[in-house]
Structures are given as C-alpha cells and as structure tokens.
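Report on the following structure.
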2 protein chains.
Amino acid sequence: MKPEILELQSFLPYRLYRLADAVSREFSRIYKDRHGLTRPEWRTLAGLGQHGTMTATALGEQSAMHKTKVSRAVAELERRRWLVRTPDEKDRRVEHLTLTKAGVAAYREMVPLAKAFERELLARLSTEQRAAVVSGVAALEAALGKS
Amino acid sequence: MKPEILELQSFLPYRLYRLADAVSREFSRIYKDRHGLTRPEWRTLAGLGQHGTMTATALGEQSAMHKTKVSRAVAELERRRWLVRTPDEKDRRVEHLTLTKAGVAAYREMVPLAKAFERELLARLSTEQRAAVVSGVAALEAALGKS
DNA sequence: CCAAACTGGTTTCATTTGTAACCATTGAAA
DNA sequence: TTTCAATGGTTACAAATGAAACCAGTTTGG
C-alpha cells in the first residue's frame, strides 16, 4: 500500500489562506501605515462609511467579525472620536454607531486608496483570469453559504 | 461631487479573506479536534510528512510561515515526540527535522481526512465552477508571486 | 588571522485574538 | 407580576501572533 501524501502546495484550504493572507497583508499597509488602524478597525470604518448608522451586531454580521472584535474596534474608533454612539430609544441595550466628521473624512480618504489597490491587483491579470477569479470566489462563497 | 463608497461585500481582499477564514476555520476543526494541533503545527506536520526531512528554514518557506511560528510549532511537535532534530554535520546552526513513528502515524491519519475535506468542498461546485476556482486561485498566485 | 556582516534558530515582549463568563435589558411564559 | 431564557454588548483571561532583540555559528574582506 502506498503511503498517502498530501501536496500542501495544491491543497485548496492552504492555497486560499496563503493567498488571502498575502493580499490582506499588503492591503493592510494602506490603513496601518496611514492611520495605524487594525483590520477590525478598518472594517468598522468601512462598514459605517458604507451604511451610515449601524448597530454593533449589524456591523459584526456585515463584516464577518466576532462581537468582541467589533466591541474593541468600536471602542478604539470612539476614543479617536471617529464615531459616536447614540442609545436606541426603544431598546436600551442597543447603540447606534455613526461616524463623526473626522471619521467620514478618514473614510473618504481611504476609499480611493482601497479601490486603487484592488484595481492594481486585478490589473495584473488577463481578462479571462479576472473572470475566473471573480466567478471562482463567488462560487466558493455560495458553496460555503449553504453549507 | 458624489461621496465615494466602497462596497465591502464586493471588495476582493475582503471576500478573499472571509472565504479563506471560513474554509480554514472549518478545516481546522479536523486537526484541532482530533489532536489539538494549531495551524502552524499542522503545517509543520504536513510539510515533514510530505518531504521527509527538512530544516526549519525550509519548512518556513514551504509552508509560508514566519520563523517564530516554525520554531514554536517544531518545539511543540518535539515535545509530543512526533519529530526529532538531528544536527547538521557541516553547519552546526542547522537542524534537520524528521517525523518519528508517532509523527508519521498522525500524518497518515490526517491525510485522508484532509483530502476528504477538500473533495467535499469541491463537490459542492459544478464542473465549471471548480475550474474557475482552480484557475482563479492559480492566476492570483502568479500575480502575487511576481509582484 | 580577525573583525565585521550574515544566517539558522530561539526568546522576549507587546499586541491581537478567541472563549467564556459576565452585566444589563428585553421578551415570553406561567 | 415574577421568573426565566434570550439578546446586545463588554470584560477577563489564556493562547496565538509579530517584531525585534538575541545567541550561536559561518562567511567574507582586509
């Protein structure tokens, strides 16, 4: 019987992780260098920038973060005065989070950088490759969603 | 002037990370539940299982881990007596790492589980989707490699 | 030779993370 | 109502991580 071997280089979970890690690491330089943000903080900023006001729970769902990450990221952005909390009228457990002027300014500054990053990444690919990436990612998302 | 907005859901770095995180998290249950391994430990096991003897540096390159991660993973696997170190004859800084019987046994046990996991993941996709995933991942790897 | 500069690998320290316990509030059930 | 389960969010603690300092050993250049 032949001893079964696993080619790590071809193993999808490994490749995917490695890829995401590399991309994410490179992208993180943008928000880390510029503002010293962590990834959860960046995502919080992005979520609020995109949606306006949100609750912490909604933020967690929207950006796939555990509630403790959200909690800490929100605390930090609040400390920076990039967002404010307003208690919900009906349910006093809930807080609505909104970016301040400074928060919006930071968001507005980040968006073009983020878009440029993505554009440059995709620019390294041919049209067919880009199509493969997009549909491959979508397919996996769908497959995982209904797992 | 329209305020630029970034759709996090469509932003490639985010999607990629989210995807890899989900897959990796699910897969980690296999080695975590079964043997209480961390990801670096699993990768070390996988690397040595695949290549036989390796140095720590080689392991780091092969499996994309920082040297401190490798160092700690190796220390733990050594503690479990899953691997042994043999000093290099010529260069006394270098150690060659090899799985013990117990290490190999664990590796042999994990390989089919890993393969099954990957197979089942891909089985949720259509043939075209699978092709897109494979070529998309490869394209991104190539694009990042030559960056 | 001998002092730098370099490399393989480990350790230290500060930061980040995950899990679980927790507090306050709300909703549902008795 | 009173009680009990559930929910929004925070906190405490342990484990995982990354950066930089570190300790051999090795190589290179003078």
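Order determines the names: the first chain of the structure tokens is A, the second B, and so forth; residues in each chain are numbered 1 upward, and ligands are numbered 1 upward as they are shown.
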
At most 8 Å is the cut-off: for each residue in chain A with any atom that close to an atom of chain B, write down the nearest atom pair and the distance in Å rounded to one decimal, counting only C-alpha atoms, chain first then increasing number, as a Markdown table.
| residue | atom | partner | partner_atom | distance |
| --- | --- | --- | --- | --- |
| A:Pro3 | CA | B:Arg108 | CA | 7.3 |
| A:Glu4 | CA | B:Val111 | CA | 6.7 |
| A:Ile5 | CA | B:Gln50 | CA | 5.9 |
| A:Leu6 | CA | B:Val111 | CA | 6.0 |
| A:Glu7 | CA | B:Gln50 | CA | 6.8 |
| A:Leu8 | CA | B:Ala46 | CA | 7.1 |
| A:Phe11 | CA | B:Glu118 | CA | 7.4 |
| A:Leu12 | CA | B:Glu118 | CA | 6.7 |
| A:Pro13 | CA | B:Ser24 | CA | 5.9 |
| A:Tyr14 | CA | B:Ser24 | CA | 7.7 |
| A:Arg15 | CA | B:Val137 | CA | 7.6 |
| A:Leu16 | CA | B:Ala20 | CA | 5.3 |
| A:Tyr17 | CA | B:Ala20 | CA | 4.8 |
| A:Arg18 | CA | B:Ala64 | CA | 7.2 |
| A:Leu19 | CA | B:Glu141 | CA | 6.6 |
| A:Ala20 | CA | B:Tyr17 | CA | 4.8 |
| A:Asp21 | CA | B:Tyr17 | CA | 7.0 |
| A:Ala22 | CA | B:Leu144 | CA | 7.9 |
| A:Val23 | CA | B:Pro13 | CA | 6.2 |
| A:Ser24 | CA | B:Pro13 | CA | 5.9 |
| A:Phe27 | CA | B:Pro13 | CA | 7.5 |
| A:Ala46 | CA | B:Leu8 | CA | 7.1 |
| A:Gly47 | CA | B:Leu8 | CA | 7.2 |
| A:Gly49 | CA | B:Ile5 | CA | 7.3 |
| A:Gln50 | CA | B:Ile5 | CA | 5.9 |
| A:Ser63 | CA | B:Leu8 | CA | 7.6 |
| A:Ala64 | CA | B:Arg18 | CA | 7.2 |
| A:Arg108 | CA | B:Glu4 | CA | 6.7 |
| A:Val111 | CA | B:Leu6 | CA | 6.0 |
| A:Pro112 | CA | B:Glu4 | CA | 7.6 |
| A:Lys115 | CA | B:Leu6 | CA | 7.6 |
| A:Glu118 | CA | B:Leu12 | CA | 6.7 |
| A:Leu121 | CA | B:Ala143 | CA | 7.7 |
| A:Arg124 | CA | B:Ala143 | CA | 5.9 |
| A:Leu125 | CA | B:Ala143 | CA | 6.7 |
| A:Gln129 | CA | B:Ala139 | CA | 6.1 |
| A:Arg130 | CA | B:Gly136 | CA | 7.3 |
| A:Ala131 | CA | B:Gly136 | CA | 7.9 |
| A:Ala132 | CA | B:Gly136 | CA | 4.7 |
| A:Val133 | CA | B:Gly136 | CA | 4.0 |
| A:Val134 | CA | B:Gly136 | CA | 7.6 |
| A:Ser135 | CA | B:Ala132 | CA | 6.3 |
| A:Gly136 | CA | B:Val133 | CA | 4.0 |
| A:Val137 | CA | B:Val133 | CA | 6.7 |
| A:Ala139 | CA | B:Gln129 | CA | 6.1 |
| A:Leu140 | CA | B:Leu19 | CA | 7.5 |
| A:Glu141 | CA | B:Leu19 | CA | 6.6 |
| A:Ala143 | CA | B:Arg124 | CA | 5.9 |
| A:Leu144 | CA | B:Ala22 | CA | 7.9 |

Since we have the selection now, will you write its residues out, keeping C-alpha atoms, as a tab-separated table (two decimals), in the first residue's frame?
chain	number	residue	atom	x	y	z
A	3	PRO	CA	1.66	5.92	1.83
A	4	GLU	CA	-0.75	8.68	1.05
A	5	ILE	CA	0.86	12.04	0.66
A	6	LEU	CA	-0.74	15.46	0.67
A	7	GLU	CA	0.70	18.11	-1.61
A	8	LEU	CA	0.40	21.19	0.52
A	11	PHE	CA	-4.28	21.87	-1.16
A	12	LEU	CA	-7.09	24.34	-1.60
A	13	PRO	CA	-7.54	25.46	2.02
A	14	TYR	CA	-3.84	26.14	2.23
A	15	ARG	CA	-3.65	27.98	-1.07
A	16	LEU	CA	-6.64	30.06	-0.25
A	17	TYR	CA	-5.33	31.03	3.13
A	18	ARG	CA	-1.91	31.85	1.81
A	19	LEU	CA	-3.43	33.98	-0.90
A	20	ALA	CA	-5.78	35.86	1.36
A	21	ASP	CA	-3.02	36.37	3.85
A	22	ALA	CA	-0.70	37.82	1.25
A	23	VAL	CA	-3.33	40.12	-0.21
A	24	SER	CA	-4.62	41.18	3.14
A	27	PHE	CA	-3.58	45.88	1.73
A	46	ALA	CA	-15.67	50.72	6.11
A	47	GLY	CA	-18.98	49.35	7.35
A	49	GLY	CA	-18.85	54.61	5.92
A	50	GLN	CA	-20.83	52.44	3.61
A	63	SER	CA	-18.18	42.42	8.07
A	64	ALA	CA	-17.85	38.92	9.44
A	108	ARG	CA	-13.32	59.31	2.26
A	111	VAL	CA	-11.89	54.62	-0.23
A	112	PRO	CA	-9.90	55.70	-3.28
A	115	LYS	CA	-10.19	50.92	-4.85
A	118	GLU	CA	-7.97	46.36	-5.89
A	121	LEU	CA	-4.23	43.84	-8.17
A	124	ARG	CA	-2.03	42.16	-13.14
A	125	LEU	CA	-4.44	39.61	-14.58
A	129	GLN	CA	-8.10	35.38	-15.39
A	130	ARG	CA	-10.07	38.18	-13.84
A	131	ALA	CA	-13.27	36.47	-14.83
A	132	ALA	CA	-12.06	33.22	-13.31
A	133	VAL	CA	-11.16	34.92	-10.05
A	134	VAL	CA	-14.49	36.65	-9.77
A	135	SER	CA	-16.62	33.64	-10.57
A	136	GLY	CA	-14.41	31.30	-8.56
A	137	VAL	CA	-14.72	33.43	-5.48
A	139	ALA	CA	-18.85	30.05	-6.40
A	140	LEU	CA	-16.99	29.29	-3.21
A	141	GLU	CA	-18.94	31.88	-1.31
A	143	ALA	CA	-20.93	26.84	-1.63
A	144	LEU	CA	-19.96	27.88	1.86

Select from stretch 79-121 of chain B everything DSSP, run on the backbone, classes as strand (DSSP E or B), then give the selection as a ChimeraX atom specification. /B:83-87,95-99

What does the file look like for those residues with N, CA and C atoms, as a short mmCIF file (atom, residue, chain, number, x, y, z; two decimals), in the first residue's frame?
data_model
loop_
_atom_site.label_atom_id
_atom_site.label_comp_id
_atom_site.auth_asym_id
_atom_site.auth_seq_id
_atom_site.Cartn_x
_atom_site.Cartn_y
_atom_site.Cartn_z
N LEU B 83 8.45 14.45 16.30
CA LEU B 83 9.60 14.67 15.43
C LEU B 83 10.87 14.71 16.25
N VAL B 84 11.99 14.52 15.57
CA VAL B 84 13.31 14.64 16.22
C VAL B 84 14.17 15.59 15.39
N ARG B 85 15.13 16.17 16.09
CA ARG B 85 16.07 17.06 15.41
C ARG B 85 17.42 16.35 15.33
N THR B 86 18.05 16.43 14.18
CA THR B 86 19.42 15.94 14.10
C THR B 86 20.29 17.06 13.56
N PRO B 87 21.34 17.39 14.32
CA PRO B 87 22.20 18.50 13.93
C PRO B 87 22.90 18.20 12.60
N GLU B 95 19.46 22.37 11.90
CA GLU B 95 18.95 21.09 12.38
C GLU B 95 18.04 20.48 11.33
N HIS B 96 18.15 19.20 11.16
CA HIS B 96 17.27 18.51 10.25
C HIS B 96 16.15 17.88 11.06
N LEU B 97 14.94 18.13 10.60
CA LEU B 97 13.77 17.67 11.34
C LEU B 97 13.16 16.48 10.64
N THR B 98 12.80 15.48 11.42
CA THR B 98 12.20 14.28 10.83
C THR B 98 11.08 13.79 11.74
N LEU B 99 10.02 13.32 11.14
CA LEU B 99 8.92 12.78 11.93
C LEU B 99 9.36 11.44 12.55
#

Using the chain letters and numbers from this document, which residues of chain A does DSSP assign to alpha helix (DSSP H), as a PyMOL selection string? chain A and resi 12-35+39-51+56-62+67-79+101-123+127-145

Write to file, as a compact mmCIF listing (two decimals), in the first residue's frame, the residues of the selection just made, with C-alpha atoms.
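Writing done, so here's out03.txt:
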# COMPACT_ATOMS: atom_id res chain seq x y z
CA LEU A 12 -7.09 24.34 -1.60
CA PRO A 13 -7.54 25.46 2.02
CA TYR A 14 -3.84 26.14 2.23
CA ARG A 15 -3.65 27.98 -1.07
CA LEU A 16 -6.64 30.06 -0.25
CA TYR A 17 -5.33 31.03 3.13
CA ARG A 18 -1.91 31.85 1.81
CA LEU A 19 -3.43 33.98 -0.90
CA ALA A 20 -5.78 35.86 1.36
CA ASP A 21 -3.02 36.37 3.85
CA ALA A 22 -0.70 37.82 1.25
CA VAL A 23 -3.33 40.12 -0.21
CA SER A 24 -4.62 41.18 3.14
CA ARG A 25 -1.14 41.83 4.46
CA GLU A 26 -0.32 44.00 1.52
CA PHE A 27 -3.58 45.88 1.73
CA SER A 28 -3.27 46.36 5.46
CA ARG A 29 -0.25 48.50 4.88
CA ILE A 30 -2.58 51.12 3.49
CA TYR A 31 -4.67 51.56 6.58
CA LYS A 32 -1.97 50.64 9.02
CA ASP A 33 0.70 52.96 7.70
CA ARG A 34 -1.69 55.76 7.13
CA HIS A 35 -3.72 55.75 10.32
CA ARG A 39 -8.12 45.19 10.43
CA PRO A 40 -11.22 45.17 12.66
CA GLU A 41 -10.96 48.92 12.96
CA TRP A 42 -10.67 49.32 9.24
CA ARG A 43 -13.66 47.11 8.68
CA THR A 44 -15.68 49.02 11.18
CA LEU A 45 -14.81 52.25 9.47
CA ALA A 46 -15.67 50.72 6.11
CA GLY A 47 -18.98 49.35 7.35
CA LEU A 48 -20.10 52.61 8.86
CA GLY A 49 -18.85 54.61 5.92
CA GLN A 50 -20.83 52.44 3.61
CA HIS A 51 -24.05 52.15 5.57
CA ALA A 56 -22.58 46.72 16.67
CA THR A 57 -24.37 43.48 15.92
CA ALA A 58 -25.17 44.56 12.39
CA LEU A 59 -21.55 45.54 11.93
CA GLY A 60 -20.45 42.13 13.05
CA GLU A 61 -22.71 40.42 10.56
CA GLN A 62 -21.92 42.71 7.72
CA LYS A 67 -18.61 40.58 18.56
CA THR A 68 -15.56 41.08 20.73
CA LYS A 69 -13.62 42.34 17.76
CA VAL A 70 -16.40 44.74 16.95
CA SER A 71 -16.61 45.87 20.52
CA ARG A 72 -12.92 46.65 20.71
CA ALA A 73 -12.74 48.26 17.31
CA VAL A 74 -15.69 50.49 18.15
CA ALA A 75 -14.11 51.44 21.45
CA GLU A 76 -10.93 52.47 19.69
CA LEU A 77 -12.66 54.47 16.97
CA GLU A 78 -14.71 56.16 19.63
CA ARG A 79 -11.54 57.03 21.51
CA LYS A 101 -16.87 64.37 10.60
CA ALA A 102 -13.37 63.14 11.32
CA GLY A 103 -14.46 59.55 10.77
CA VAL A 104 -16.11 60.37 7.48
CA ALA A 105 -13.02 62.27 6.43
CA ALA A 106 -10.83 59.28 7.14
CA TYR A 107 -13.24 57.05 5.27
CA ARG A 108 -13.32 59.31 2.26
CA GLU A 109 -9.58 59.32 2.23
CA MET A 110 -9.34 55.56 2.42
CA VAL A 111 -11.89 54.62 -0.23
CA PRO A 112 -9.90 55.70 -3.28
CA LEU A 113 -6.83 54.00 -1.90
CA ALA A 114 -8.73 50.79 -1.40
CA LYS A 115 -10.19 50.92 -4.85
CA ALA A 116 -6.83 51.65 -6.39
CA PHE A 117 -5.35 48.71 -4.56
CA GLU A 118 -7.97 46.36 -5.89
CA ARG A 119 -7.72 47.79 -9.36
CA GLU A 120 -3.96 47.35 -9.44
CA LEU A 121 -4.23 43.84 -8.17
CA LEU A 122 -6.71 42.90 -10.86
CA ALA A 123 -4.72 44.77 -13.46
CA THR A 127 -9.40 39.41 -18.79
CA GLU A 128 -10.06 35.68 -18.59
CA GLN A 129 -8.10 35.38 -15.39
CA ARG A 130 -10.07 38.18 -13.84
CA ALA A 131 -13.27 36.47 -14.83
CA ALA A 132 -12.06 33.22 -13.31
CA VAL A 133 -11.16 34.92 -10.05
CA VAL A 134 -14.49 36.65 -9.77
CA SER A 135 -16.62 33.64 -10.57
CA GLY A 136 -14.41 31.30 -8.56
CA VAL A 137 -14.72 33.43 -5.48
CA ALA A 138 -18.44 33.79 -5.96
CA ALA A 139 -18.85 30.05 -6.40
CA LEU A 140 -16.99 29.29 -3.21
CA GLU A 141 -18.94 31.88 -1.31
CA ALA A 142 -22.16 30.32 -2.46
CA ALA A 143 -20.93 26.84 -1.63
CA LEU A 144 -19.96 27.88 1.86
CA GLY A 145 -23.05 29.90 2.46

Please return, as a list of chain:residue names, all residues of chain D lying within 9 Å of chain A when only C-alpha atoms (C1' of nucleotides) are considered. D:DT7, D:DG8, D:DG9, D:DT10

Tell me as a ChimeraX atom specification which residues belonging to chain C come within 8 Å of chain A, counting only C-alpha atoms (C1' of nucleotides). /C:24-26

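Going from atom C1' of D:DA12 over to atom C1' of C:DT12, you cover 23.6 Å.
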
Skipping near chain neighbours, those fewer than 4 positions away, what residues fall within 10 Å of D:DT27 using only C-alpha atoms (C1' of nucleotides), listed as a PyMOL selection string? chain C and resi 5-7
